[in-house]
Each structure stands twice: as structure tokens, then as C-alpha cells.
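Novice: run.cif is the file, holding mmCIF, C-alpha atoms:
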```cif
data_upload
#
loop_
_atom_site.label_atom_id
_atom_site.label_comp_id
_atom_site.auth_asym_id
_atom_site.auth_seq_id
_atom_site.Cartn_x
_atom_site.Cartn_y
_atom_site.Cartn_z
CA MET A 1 115.48 259.35 -9.95
CA GLU A 2 112.86 256.64 -9.61
CA ARG A 3 112.45 255.11 -6.18
CA THR A 4 112.82 251.39 -5.63
CA GLU A 5 109.91 249.36 -4.30
CA ALA A 6 111.64 248.95 -0.96
CA GLU A 7 111.95 252.74 -0.68
CA ILE A 8 108.31 253.24 -1.62
CA ILE A 9 107.17 250.70 0.96
CA ALA A 10 109.39 252.27 3.62
CA ALA A 11 107.86 255.69 2.83
CA VAL A 12 104.31 254.31 3.12
CA LEU A 13 105.17 252.70 6.44
CA LYS A 14 106.50 256.03 7.68
CA GLY A 15 103.08 257.55 7.02
CA ASP A 16 103.38 258.83 3.45
CA ALA A 17 100.19 257.19 2.14
CA ALA A 18 100.48 258.93 -1.26
CA SER A 19 103.56 256.82 -2.02
CA PHE A 20 101.29 253.78 -2.22
CA GLU A 21 99.74 254.96 -5.52
CA PRO A 22 102.63 253.87 -7.80
CA LEU A 23 102.32 250.34 -6.40
CA ILE A 24 98.60 250.31 -7.21
CA GLU A 25 99.30 251.54 -10.74
CA LYS A 26 102.01 248.98 -11.31
CA TYR A 27 100.33 245.85 -9.97
CA SER A 28 96.62 246.45 -10.56
CA PRO A 29 96.66 244.77 -14.00
CA ARG A 30 97.92 241.53 -12.42
CA VAL A 31 95.45 241.71 -9.57
CA PHE A 32 92.58 242.37 -12.01
CA ALA A 33 93.62 239.42 -14.17
CA THR A 34 93.68 237.18 -11.09
CA ALA A 35 90.28 238.40 -9.87
CA ARG A 36 88.79 237.82 -13.33
CA ARG A 37 89.67 234.14 -13.05
CA TYR A 38 87.28 233.75 -10.12
CA ALA A 39 84.53 236.32 -10.64
CA ARG A 40 82.60 237.24 -13.77
CA ARG A 41 80.74 240.46 -13.06
CA GLU A 42 82.89 243.59 -13.35
CA SER A 43 81.36 245.03 -10.17
CA GLU A 44 82.43 241.92 -8.22
CA ILE A 45 85.88 242.00 -9.78
CA GLU A 46 86.36 245.64 -8.80
CA ASP A 47 85.19 244.86 -5.26
CA ILE A 48 87.72 242.03 -4.97
CA VAL A 49 90.60 244.16 -6.27
CA GLN A 50 89.60 247.04 -4.01
CA GLU A 51 89.62 244.69 -1.03
CA VAL A 52 93.03 243.34 -2.03
CA TRP A 53 94.53 246.84 -2.11
CA LEU A 54 92.94 247.94 1.14
CA LYS A 55 94.21 244.78 2.83
CA ALA A 56 97.64 245.32 1.28
CA TYR A 57 97.76 248.84 2.69
CA GLN A 58 96.56 247.77 6.14
CA LYS A 59 98.87 244.75 6.33
CA LEU A 60 101.92 246.34 4.74
CA LYS A 61 103.73 246.14 8.08
CA SER A 62 103.64 242.36 7.79
CA PHE A 63 105.57 242.51 4.49
CA ARG A 64 109.11 241.67 5.54
CA GLY A 65 110.77 242.16 2.19
CA GLU A 66 112.23 238.64 2.05
CA ALA A 67 110.29 237.84 -1.14
CA PRO A 68 109.31 240.34 -3.86
CA PHE A 69 106.33 242.58 -3.07
CA GLU A 70 104.52 241.10 -6.07
CA HIS A 71 104.57 237.59 -4.55
CA TRP A 72 103.24 238.91 -1.24
CA LEU A 73 100.51 240.84 -3.06
CA MET A 74 99.50 237.88 -5.22
CA ARG A 75 99.20 235.70 -2.13
CA LEU A 76 96.85 238.28 -0.69
CA ALA A 77 94.93 238.43 -3.99
CA VAL A 78 94.52 234.64 -4.22
CA ARG A 79 93.33 234.42 -0.61
CA THR A 80 90.84 237.25 -1.16
CA CYS A 81 89.54 235.50 -4.30
CA TYR A 82 89.17 232.27 -2.31
CA ASP A 83 87.17 234.11 0.36
CA PHE A 84 85.01 235.54 -2.44
CA LEU A 85 84.39 232.04 -3.86
CA ARG A 86 83.43 230.72 -0.43
CA SER A 87 81.02 233.56 0.23
CA HIS A 88 79.36 233.04 -3.19
CA GLN A 89 79.14 229.26 -3.01
CA ARG A 90 75.39 229.22 -3.50
CA ASN A 91 75.68 230.86 -6.89
CA ARG A 92 77.21 227.76 -8.46
CA GLU A 93 73.98 226.07 -9.47
CA ALA A 94 73.76 226.51 -13.23
CA VAL A 95 72.16 223.48 -14.82
CA PHE A 96 73.80 221.81 -17.74
CA THR A 97 70.61 221.51 -19.69
CA ASP A 98 71.01 225.28 -20.01
CA LEU A 99 73.93 224.89 -22.42
CA THR A 100 73.62 227.52 -25.10
CA GLU A 101 73.39 226.51 -28.74
CA PRO A 102 77.00 227.47 -29.56
CA GLU A 103 78.24 225.54 -26.49
CA ASP A 104 76.17 222.57 -27.57
CA ASP A 105 77.61 222.80 -31.10
CA TRP A 106 81.15 223.03 -29.75
CA LEU A 107 80.65 219.90 -27.64
CA GLU A 108 79.09 218.07 -30.59
CA ARG A 109 82.07 219.02 -32.73
CA PHE A 110 84.46 217.88 -30.00
CA VAL A 111 82.77 214.48 -29.72
CA HIS A 112 82.88 213.79 -33.44
CA GLN A 113 86.08 215.57 -34.39
CA PRO A 114 88.09 216.75 -31.36
CA GLY A 115 90.62 218.62 -33.48
CA ALA A 116 87.90 220.72 -35.09
CA ALA A 117 86.65 222.11 -31.77
CA ARG A 118 88.57 225.39 -31.65
CA GLU A 119 90.15 226.55 -28.40
CA ASP A 120 89.70 230.24 -29.13
CA SER A 121 85.95 230.18 -29.70
CA ASP A 122 83.56 232.03 -27.39
CA ALA A 123 81.55 228.84 -26.88
CA ALA A 124 84.60 226.99 -25.58
CA ARG A 125 85.43 229.84 -23.20
CA GLN A 126 81.86 229.92 -21.90
CA LEU A 127 81.85 226.17 -21.42
CA VAL A 128 85.06 226.36 -19.38
CA GLN A 129 83.50 229.07 -17.22
CA ARG A 130 80.40 226.95 -16.76
CA VAL A 131 82.44 223.96 -15.60
CA LEU A 132 84.64 226.05 -13.29
CA GLN A 133 81.59 227.69 -11.75
CA GLN A 134 80.26 224.26 -10.80
CA LEU A 135 83.38 223.37 -8.83
CA SER A 136 83.57 223.83 -5.06
CA PRO A 137 85.76 226.77 -3.95
CA PRO A 138 88.85 224.69 -3.03
CA ALA A 139 88.53 222.64 -6.23
CA ARG A 140 88.20 225.74 -8.38
CA LEU A 141 91.17 227.40 -6.74
CA VAL A 142 93.41 224.37 -7.07
CA ILE A 143 92.40 223.61 -10.69
CA THR A 144 93.00 227.25 -11.63
CA LEU A 145 96.39 227.46 -9.96
CA LEU A 146 97.66 223.98 -10.77
CA GLU A 147 96.20 223.17 -14.18
CA ILE A 148 95.44 226.52 -15.77
CA GLU A 149 98.21 228.72 -14.35
CA ASP A 150 100.60 225.77 -14.25
CA ARG A 151 101.95 226.49 -10.78
CA SER A 152 103.78 223.93 -8.66
CA VAL A 153 102.28 222.31 -5.57
CA LYS A 154 104.86 224.13 -3.44
CA GLU A 155 103.92 227.50 -4.93
CA ILE A 156 100.22 226.81 -4.35
CA SER A 157 100.99 225.83 -0.79
CA LYS A 158 102.70 229.20 -0.22
CA MET A 159 99.93 231.16 -1.94
CA THR A 160 97.04 229.52 -0.16
CA GLY A 161 98.59 228.76 3.21
CA TRP A 162 97.61 225.08 2.80
CA SER A 163 100.21 222.41 3.55
CA VAL A 164 101.79 220.56 0.60
CA PRO A 165 99.94 217.28 1.39
CA LEU A 166 96.67 219.22 1.66
CA VAL A 167 97.24 220.80 -1.76
CA LYS A 168 97.86 217.32 -3.20
CA VAL A 169 94.73 215.92 -1.62
CA ARG A 170 92.66 218.87 -2.80
CA ALA A 171 94.13 218.58 -6.30
CA PHE A 172 93.16 214.91 -6.43
CA ARG A 173 89.64 215.68 -5.23
CA ALA A 174 89.35 218.64 -7.59
CA ARG A 175 90.19 216.50 -10.62
CA ALA A 176 87.63 213.92 -9.52
CA GLU A 177 85.05 216.69 -9.02
CA MET A 178 85.76 218.09 -12.47
CA ARG A 179 85.37 214.65 -14.06
CA ARG A 180 82.05 214.17 -12.27
CA ILE A 181 80.84 217.48 -13.70
CA LEU A 182 82.00 216.57 -17.19
CA ALA A 183 80.37 213.16 -16.87
CA LYS A 184 77.15 214.93 -15.94
CA ILE A 185 77.34 217.04 -19.09
CA ALA A 186 77.96 213.92 -21.12
CA LYS A 187 75.09 212.11 -19.43
CA ASP A 188 72.68 215.01 -19.96
CA LYS A 189 73.68 215.32 -23.55
CA TYR A 190 74.43 211.86 -24.81
CA LEU A 191 72.51 209.38 -22.66
CA MET B 192 80.68 209.45 -23.88
CA SER B 193 83.50 207.07 -22.93
CA ASN B 194 85.90 207.68 -20.05
CA MET B 195 88.65 208.24 -22.58
CA LYS B 196 86.60 211.01 -24.19
CA LEU B 197 85.90 212.57 -20.78
CA VAL B 198 89.62 212.75 -20.03
CA ASP B 199 90.18 214.27 -23.48
CA LEU B 200 87.38 216.78 -22.88
CA GLU B 201 88.93 217.71 -19.54
CA ARG B 202 92.31 218.26 -21.21
CA LYS B 203 90.70 220.24 -24.00
CA LEU B 204 88.85 222.53 -21.59
CA ILE B 205 92.02 223.13 -19.57
CA ALA B 206 93.79 223.97 -22.84
CA VAL B 207 90.97 226.39 -23.70
CA ALA B 208 91.35 228.09 -20.31
CA ARG B 209 95.12 228.34 -20.78
CA ALA B 210 94.76 229.73 -24.28
CA ASN B 211 92.39 232.44 -23.09
CA PRO B 212 93.93 234.26 -20.13
CA PRO B 213 91.67 236.86 -18.54
CA SER B 214 92.04 240.50 -19.42
CA ASP B 215 94.26 242.63 -17.22
CA LEU B 216 92.46 245.84 -18.07
CA VAL B 217 92.17 248.28 -15.18
CA PRO B 218 89.17 250.64 -15.07
CA PRO B 219 90.16 254.29 -15.55
CA THR B 220 91.18 256.18 -12.39
CA PHE B 221 90.92 253.00 -10.35
CA GLU B 222 94.08 253.86 -8.37
CA LYS B 223 92.56 257.27 -7.50
CA ARG B 224 89.53 255.52 -6.04
CA ILE B 225 91.71 253.29 -3.87
CA MET B 226 93.80 256.27 -2.77
CA ALA B 227 90.63 258.16 -1.83
CA LEU B 228 89.54 255.21 0.31
CA ILE B 229 92.96 254.98 1.92
CA ASN B 230 93.16 258.71 2.63
CA GLY B 231 89.57 258.93 3.79
CA GLY B 232 90.07 256.16 6.33
CA PRO B 233 87.36 253.62 7.01
CA VAL B 234 83.95 254.71 5.78
CA HIS B 235 81.26 254.08 8.41
CA ASP B 236 77.75 253.52 7.19
CA ILE B 237 75.69 254.03 10.36
CA TRP B 238 72.77 251.91 9.12
CA ALA B 239 75.09 249.08 8.13
CA VAL B 240 76.72 249.16 11.58
CA TRP B 241 73.28 249.18 13.23
CA ALA B 242 72.01 246.31 11.07
CA LYS B 243 75.17 244.33 11.80
CA ALA B 244 74.78 244.89 15.55
CA LEU B 245 71.14 243.75 15.39
CA TRP B 246 72.15 240.70 13.42
CA TYR B 247 74.83 239.82 15.97
CA ALA B 248 72.34 240.33 18.80
CA ALA B 249 69.81 237.94 17.26
CA ALA B 250 71.69 234.76 18.21
CA PRO B 251 72.14 235.61 21.93
CA CYS B 252 68.46 236.65 22.09
CA VAL B 253 67.36 233.31 20.65
CA ALA B 254 69.71 231.51 23.04
CA ILE B 255 68.26 233.36 26.05
CA MET B 256 64.72 232.68 24.86
CA LEU B 257 65.48 228.95 24.52
CA LEU B 258 67.12 228.95 27.94
CA PHE B 259 64.08 230.53 29.58
CA SER B 260 61.71 228.23 27.69
CA GLY B 261 63.70 225.21 28.85
CA TRP B 262 63.77 226.51 32.39
CA ALA B 263 60.00 227.11 32.38
CA PHE B 264 59.41 223.66 30.97
CA ILE B 265 61.62 221.94 33.55
CA GLU B 266 60.09 223.91 36.41
CA SER B 267 56.58 223.05 35.26
CA SER B 268 57.32 219.35 35.01
CA LYS B 269 58.91 219.43 38.49
CA THR B 270 56.00 221.00 40.39
CA ASN B 271 53.14 219.53 38.33
CA GLN B 272 50.60 222.24 39.22
CA THR B 273 49.98 225.19 36.94
CA PRO B 274 53.43 226.55 37.43
CA THR B 275 53.99 227.61 33.79
CA ILE B 276 51.43 230.28 34.31
CA ASP B 277 53.03 231.13 37.64
CA LEU B 278 56.45 231.34 36.13
CA ALA B 279 55.15 233.36 33.20
CA GLN B 280 53.37 235.64 35.64
CA GLN B 281 56.50 235.99 37.74
CA LEU B 282 58.57 236.76 34.67
CA ASP B 283 56.00 239.36 33.63
CA ASN B 284 56.06 240.93 37.07
CA THR B 285 59.83 241.05 37.11
CA LEU B 286 60.09 242.55 33.64
CA LEU B 287 57.36 245.10 34.25
CA ALA B 288 58.36 245.94 37.82
CA ALA B 289 59.88 249.25 36.84
CA VAL B 290 56.76 250.30 34.93
CA ASP B 291 54.49 249.20 37.79
CA GLN B 292 56.53 251.18 40.28
CA SER B 293 56.44 254.34 38.17
CA ASN B 294 52.67 253.92 37.75
CA ASP B 295 52.27 253.59 41.54
CA SER B 296 54.34 256.66 42.23
CA ASN B 297 52.29 258.69 39.70
CA ARG B 298 49.06 257.93 41.51
#
```
Would you write out, as C-alpha cells, the structure that this file holds?
Specialist:
Amino acid sequence: MERTEAEIIAAVLKGDAASFEPLIEKYSPRVFATARRYARRESEIEDIVQEVWLKAYQKLKSFRGEAPFEHWLMRLAVRTCYDFLRSHQRNREAVFTDLTEPEDDWLERFVHQPGAAREDSDAARQLVQRVLQQLSPPARLVITLLEIEDRSVKEISKMTGWSVPLVKVRAFRARAEMRRILAKIAKDKYL
Amino acid sequence: MSNMKLVDLERKLIAVARANPPSDLVPPTFEKRIMALINGGPVHDIWAVWAKALWYAAAPCVAIMLLFSGWAFIESSKTNQTPTIDLAQQLDNTLLAAVDQSNDSNR
């Protein structure tokens, strides 16, 4: 008979480290998907996920079982990703004049015929990455959680440990920051 | 580009990000790697620990150096002779006292 998560966690806490493996197998896809939102290089992504799991193992005692394990783990994952963004702040200096030809074409198409600029094109995906990379760590986190993952302010507050008013303030600033970046693209390209 | 277009572009890019969720692919045997790390306990890289200790020691060393420099400067401005040399000499003597003593005892 398959053990429940609570039983697995209880076994790990009693010292049976091997019982932790099914949890890693089950939730790694979600943790990888989360890490890929904030890091691009596979080596960095693997480092983030590894850190998440090691932290999860070390801090398992603090999991009280009031909320599902997945929520607790995702909170840990988001906070680890945020730490990663903060420690790699200096890397966000790509210049918009470096837009590739396909990205340039996509923007051109969007300006003249917004409907014709496809959402599933590689150029569009790269452009999104470029814009997100330019954002400050709190702005990137809040835009990702609020706008892209469509989470509520309350959820974000729980995930990040920020208060609800702080999330709102950071969301407001993040949107302004994103518009400044987009305005810069527009200025570089069209003025 | 007008403000209206910028807002549209923002919406479009958010829609692009939503339409393209990141892959959830896990590298093969990833869970085995994590389990090996968990079972092996913390891995200590001696050179990394040493480098970290040196790095941590750098700030107190700089602070002590600044403190002594400040002290020497204040002392020199107080006495107005050639006390910097005196203080430097005294510091030298103090630091090298052990060596001097061992040299004397060898003679």
C-alpha cells in the first residue's frame, strides 16, 4: 500500500532519509518549472533546485502539516529563486540595442499590426525574457507571480513573506519599472 | 510609440509569458543526486572554507589597520615632534619583540 505524504514526512523526521526520495520524484517537475522562470542556464537552474531540496530536507521539522507539503515547498522554492535573483543582480545589464533581428521583426509587426505578432514565436519569448531580466529582483518576482502566474496578492504575501501592503506597493512599482523598460525599447527603436 | 501602445505591448508580453510556461523537465537521475548529497551529509571543500575564512578576516584586518592609522595620526598631531616615527618604531618593537628575544637568547 502506498504511504501518504504525512507518513513519508514522519518517516524522514524519524531518521529514514531514504523516504525523502519519493517526495523529490513527485515535486521536482514543479520546482524545476519555477526555477526556470527566474534562471536561464540549466546549470543555474539545477543549482537552485538542488538548494531547494537540501533546504527542504534540513527544514522539514518546521513543516507543521497545516497546509499541503507542496505549498510549503513552493514557498521555499520561490524564496530560493528570489535569493538567486538578488545574488545575480549585476547580470541584468543587457542593452536593448542588442535586440536580435527576429525580436526586432516581432516588435515591428506588433507596432503595425498587433494581432499579427504571434504569442508562440521564439522571438516573442526571447523578448519577454529580455524585459524580465531587466527588472529588479522584487519587481521580477512580483510580475511573475502576480501577472504571469496569476496569483492573488494574499498568496504572494504568504509565498514571499512580505506583508500584503508591501506586495501591493511592490506590484505598483514593478509595473512602473516594466513600463519604463518598454518605453526605453520604444525610444531606442522608434525615436 | 504612444502610451497606449506601450500598455498594449506590456499586455501582449505578459500574454506571451502566460502562453509559454517553462518546461518542467527533470534531468535524469536528479533525485539520486539529491539523495547522495543528503546521505553524504555536508560536503566540506577545505580550500573553500579556507578562502571563506580569509575573506571574513579581511574586514577586521582593514578595520584594525584604520584604527591604528587613526591613532598614529592623532598621536602625531598631539605631540607635534616626530612622533609618527616614534610610534611606528614602538609598534615595530612590540611586534618584533618575540623575534628579538629569541635572537638574543641564541647569541
Novice: Using all atoms listed in the file, can you tell me which of A:Lys158, A:Arg79, A:Arg151, A:Arg175 comes closest to chain B?
Specialist: A:Arg175
Novice: On this structure, which residues satisfy the PyMOL selection byres ((chain A) within 7 of (chain B)), written as a compact mmCIF listing (two decimals) with C-alpha atoms, in the coordinates of the input?
Specialist:
```
# COMPACT_ATOMS: atom_id res chain seq x y z
CA GLU A 21 99.74 254.96 -5.52
CA ILE A 24 98.60 250.31 -7.21
CA GLU A 25 99.30 251.54 -10.74
CA SER A 28 96.62 246.45 -10.56
CA PRO A 29 96.66 244.77 -14.00
CA ARG A 30 97.92 241.53 -12.42
CA PHE A 32 92.58 242.37 -12.01
CA ALA A 33 93.62 239.42 -14.17
CA ARG A 36 88.79 237.82 -13.33
CA ARG A 37 89.67 234.14 -13.05
CA GLN A 50 89.60 247.04 -4.01
CA GLU A 119 90.15 226.55 -28.40
CA ASP A 120 89.70 230.24 -29.13
CA ALA A 124 84.60 226.99 -25.58
CA ARG A 125 85.43 229.84 -23.20
CA VAL A 128 85.06 226.36 -19.38
CA GLU A 147 96.20 223.17 -14.18
CA ILE A 148 95.44 226.52 -15.77
CA LEU A 182 82.00 216.57 -17.19
CA ALA A 183 80.37 213.16 -16.87
CA ALA A 186 77.96 213.92 -21.12
CA TYR A 190 74.43 211.86 -24.81
```
Novice: Just so the selection is clear, what residues does the PyMOL selection byres ((chain A and resi 142) around 10) cover here, as a list in words?
Specialist: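 Listing what the PyMOL selection byres ((chain A and resi 142) around 10) selects in the shown file: Pro137, Pro138, Ala139, Arg140, Leu141, Ile143, Thr144, Leu145, Leu146, Glu147, Ile148, Glu149, Arg151, Val153, Ile156, Ser157, Thr160, Val167, Lys168, Arg170, Ala171, Phe172, Arg173, Ala174 and Arg175 of chain A.
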Novice: Based on the selection just made, write C-alpha atoms of those residues as a PDB file, keeping the file's coordinate frame.
Specialist:
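Below is the file selection_23.pdb, written as the result:
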```pdb
ATOM      1  CA  PRO A 137      85.760 226.770  -3.950  1.00  0.00           C
ATOM      2  CA  PRO A 138      88.850 224.690  -3.030  1.00  0.00           C
ATOM      3  CA  ALA A 139      88.530 222.640  -6.230  1.00  0.00           C
ATOM      4  CA  ARG A 140      88.200 225.740  -8.380  1.00  0.00           C
ATOM      5  CA  LEU A 141      91.170 227.400  -6.740  1.00  0.00           C
ATOM      6  CA  ILE A 143      92.400 223.610 -10.690  1.00  0.00           C
ATOM      7  CA  THR A 144      93.000 227.250 -11.630  1.00  0.00           C
ATOM      8  CA  LEU A 145      96.390 227.460  -9.960  1.00  0.00           C
ATOM      9  CA  LEU A 146      97.660 223.980 -10.770  1.00  0.00           C
ATOM     10  CA  GLU A 147      96.200 223.170 -14.180  1.00  0.00           C
ATOM     11  CA  ILE A 148      95.440 226.520 -15.770  1.00  0.00           C
ATOM     12  CA  GLU A 149      98.210 228.720 -14.350  1.00  0.00           C
ATOM     13  CA  ARG A 151     101.950 226.490 -10.780  1.00  0.00           C
ATOM     14  CA  VAL A 153     102.280 222.310  -5.570  1.00  0.00           C
ATOM     15  CA  ILE A 156     100.220 226.810  -4.350  1.00  0.00           C
ATOM     16  CA  SER A 157     100.990 225.830  -0.790  1.00  0.00           C
ATOM     17  CA  THR A 160      97.040 229.520  -0.160  1.00  0.00           C
ATOM     18  CA  VAL A 167      97.240 220.800  -1.760  1.00  0.00           C
ATOM     19  CA  LYS A 168      97.860 217.320  -3.200  1.00  0.00           C
ATOM     20  CA  ARG A 170      92.660 218.870  -2.800  1.00  0.00           C
ATOM     21  CA  ALA A 171      94.130 218.580  -6.300  1.00  0.00           C
ATOM     22  CA  PHE A 172      93.160 214.910  -6.430  1.00  0.00           C
ATOM     23  CA  ARG A 173      89.640 215.680  -5.230  1.00  0.00           C
ATOM     24  CA  ALA A 174      89.350 218.640  -7.590  1.00  0.00           C
ATOM     25  CA  ARG A 175      90.190 216.500 -10.620  1.00  0.00           C
TER      26      ARG A 175
END
```
Novice: CA of Leu99 (chain A) to CA of Arg40 (chain A): how many Å, to one decimal?
Specialist: 17.4 Å
Novice: I need the residue nearest Asp98 (chain A) from this list: A:Lys14, A:Lys187, A:Lys26, A:Arg130. Use all atoms listed in the file for the distance.
Specialist: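 For Asp98 (chain A), the nearest of the given residues is A:Arg130.
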Novice: Exactly which residues make up the result of the PyMOL selection byres ((chain A and resi 52) around 8) on this file, given as a list in words?
Specialist: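 Expected selection for the PyMOL selection byres ((chain A and resi 52) around 8) here is Ile48, Val49, Gln50, Glu51, Trp53, Leu54, Lys55, Ala56, Leu73, Leu76, Ala77 and Thr80 of chain A.
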Novice: I need the chosen residues saved as a JSON list (two decimals), in the frame of the given file, with C-alpha atoms.
Specialist:
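Saved the output as again_18.json:
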```json
[["chain", "number", "residue", "atom", "x", "y", "z"],
["A", 48, "ILE", "CA", 87.72, 242.03, -4.97],
["A", 49, "VAL", "CA", 90.60, 244.16, -6.27],
["A", 50, "GLN", "CA", 89.60, 247.04, -4.01],
["A", 51, "GLU", "CA", 89.62, 244.69, -1.03],
["A", 53, "TRP", "CA", 94.53, 246.84, -2.11],
["A", 54, "LEU", "CA", 92.94, 247.94, 1.14],
["A", 55, "LYS", "CA", 94.21, 244.78, 2.83],
["A", 56, "ALA", "CA", 97.64, 245.32, 1.28],
["A", 73, "LEU", "CA", 100.51, 240.84, -3.06],
["A", 76, "LEU", "CA", 96.85, 238.28, -0.69],
["A", 77, "ALA", "CA", 94.93, 238.43, -3.99],
["A", 80, "THR", "CA", 90.84, 237.25, -1.16]]
```
Novice: CA of Asp83 (chain A) to CA of Ala10 (chain A): how many Å, to one decimal?
Specialist: 28.9 Å
Novice: One decimal, in Å: what's the spacing between CA of Glu101 (chain A) and CA of Ala39 (chain A)?
Specialist: 23.4 Å
